[in-house]
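Since the structure comes first, as structure tokens, the remarks are kept for the end.
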Amino acid sequence: NANPASPDSSVPTTFSLKSKYGTKLVRIRYPASKKLTVKDFDAPILIYEKRAVIYGEFEIPAAAAGKTEELELTVRYLPCNDNRCLRPTTATLTGKIAIAAPGAAVKRINDNLFPPAR
């Protein structure tokens, strides 16, 4: 199901973050959805099909400067096929990232993967 989900009773796809130093996930941008007409439903269901790229930005607190932040990113979604839906599922990715200290030189990487913030 897409985010926002439709109909309202659908379980939306969500993207969330837990962190050691209070880093927040902000300005989450979910992709455009596709309408799927299902027999016996009054209205189409909004879905993602095959691949959905979700963007967001990290808001890092000053207290994390110069430290290694520990992140846990979670995507919650409802897996379905043409015949049925399974239970809501969660996929989690954990990792550590070094946070630059104030005034430290940083090297930009992977710019091709991340569009400029809007």
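Going by the structure tokens order, chains are called A, B, ..., each with residues numbered from 1, while ligands are numbered from 1 in the order shown.
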
For Gly56 of chain A, list every protein, DNA or RNA residue within 9 Å, evaluated using only C-alpha atoms, and leave out those in the same chain fewer than 6 positions away; present the list as a short mmCIF file (atom, residue, chain, number, x, y, z; two decimals) with C-alpha atoms, in the first residue's frame.
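The new file part_38.cif reads:
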```cif
data_model
loop_
_atom_site.label_atom_id
_atom_site.label_comp_id
_atom_site.auth_asym_id
_atom_site.auth_seq_id
_atom_site.Cartn_x
_atom_site.Cartn_y
_atom_site.Cartn_z
CA PHE A 15 9.66 4.73 6.98
CA LEU A 25 14.29 11.60 9.96
CA VAL A 26 12.60 14.64 8.42
CA ARG A 27 11.02 15.64 5.12
CA ILE A 28 10.17 12.06 4.16
CA ARG A 29 9.07 11.90 0.53
CA TYR A 30 7.13 8.84 -0.57
#
```

Would you kindly return, as JSON, numbers by chain, each protein, DNA or RNA residue with an atom no farther than 7 Å from any atom of Leu17 of chain A, considering only C-alpha atoms and excluding same-chain residues fewer than 4 positions away?
{"A": [24, 25, 71, 72, 73, 74]}

Output for the residues just chosen: N, CA and C atoms as a compact mmCIF listing (two decimals), in the first residue's frame:
```txt
# COMPACT_ATOMS: atom_id res chain seq x y z
N LYS A 24 17.04 12.76 13.78
CA LYS A 24 15.65 12.59 13.35
C LYS A 24 15.59 12.44 11.84
N LEU A 25 14.58 11.74 11.38
CA LEU A 25 14.29 11.60 9.96
C LEU A 25 13.22 12.63 9.63
N LEU A 71 22.29 4.09 13.83
CA LEU A 71 20.96 4.27 13.26
C LEU A 71 20.26 2.94 13.03
N GLU A 72 18.94 2.97 13.18
CA GLU A 72 18.10 1.83 12.83
C GLU A 72 16.96 2.37 11.97
N LEU A 73 17.02 2.07 10.67
CA LEU A 73 15.99 2.50 9.72
C LEU A 73 15.00 1.36 9.53
N THR A 74 13.71 1.67 9.58
CA THR A 74 12.69 0.64 9.47
C THR A 74 11.65 1.03 8.41
```

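The neighbours of Ser10 of chain A here are the residues that come within 9 Å of it, using only C-alpha atoms and leaving out any residue fewer than 2 positions away in the same chain; they are A:Asn1, A:Ala2, A:Ala5, A:Ser6, A:Pro7, A:Asp8, A:Pro12, A:Ile45, A:Leu78.
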
Any idea what's packed within 8 Å of Thr89 of chain A, counting only C-alpha atoms, ignoring anything in its chain fewer than 5 positions away? Could you give it as number ranges by chain?
A: 76-79

For atom CA of Tyr55 of chain A and atom CA of Lys67 of chain A, the interatomic separation in Å (one decimal)
24.1 Å

Name all residues at most 12 Å from Lys39 of chain A (count only C-alpha atoms; drop same-chain ones fewer than 4 positions away) and give them as a ChimeraX atom specification.
/A:43-45,82-83

Got a sec: who's within 12 Å of Gly103 of chain A, counting only C-alpha atoms, leaving out chain neighbours fewer than 4 positions off, as a ChimeraX atom specification?
/A:65-66,99

May I have the selected residues written with N, CA and C atoms, as a tab-separated table (two decimals), in the first residue's frame?
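To be explicit, this is the file written out as out_8.tsv:
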```tsv
chain	number	residue	atom	x	y	z
A	65	ALA	N	27.90	15.71	17.12
A	65	ALA	CA	29.08	16.17	16.37
A	65	ALA	C	30.35	15.47	16.83
A	66	GLY	N	31.11	14.96	15.87
A	66	GLY	CA	32.37	14.29	16.17
A	66	GLY	C	32.22	12.88	16.70
A	99	ILE	N	29.77	11.29	12.33
A	99	ILE	CA	29.24	12.64	12.22
A	99	ILE	C	30.42	13.61	12.32
```

Return the single residue from A:Thr37, A:Glu69, A:Leu113, A:Ile60 that is closest to Ala98 of chain A, with distances computed using only C-alpha atoms.
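The shortest atom-to-atom distance to Ala98 of chain A comes from A:Glu69.
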
Write down as a PyMOL selection string the residues of chain A whose backbone DSSP state falls under strand (DSSP E).
chain A and resi 14-19+24-29+34-36+45-47+55-59+68-77+89-98

In Å, how far is it from atom CA of Pro61 of chain A to atom CA of Ile109 of chain A?
21.4 Å

Best match for closeness to Tyr48 of chain A among A:Ser19, A:Asn3, A:Thr94, A:Ser9, counting only C-alpha atoms:
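Of A:Ser19, A:Asn3, A:Thr94, A:Ser9, the one nearest Tyr48 of chain A, counting only C-alpha atoms, is A:Asn3.
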
For Gly95 of chain A, which residue among A:Asp42, A:Arg108, A:Thr68, A:Gly22 is the nearest when counting only C-alpha atoms?
A:Thr68

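One finds atom CA of Ile54 of chain A at 16.0 Å from atom CA of Asp111 of chain A.
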
Any chance you could list, as a CSV table (one decimal) with C-alpha atoms, in the first residue's frame, the residues in chain A that come up helix (DSSP H, G or I) when DSSP is run on the backbone?
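The resulting states_26.csv:
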```csv
chain,number,residue,atom,x,y,z
A,62,ALA,CA,24.8,19.2,17.8
A,63,ALA,CA,25.4,16.7,20.6
A,64,ALA,CA,26.3,14.1,17.9
A,111,ASP,CA,25.7,12.5,-5.0
A,112,ASN,CA,24.3,10.5,-8.0
A,113,LEU,CA,22.1,8.6,-5.6
```
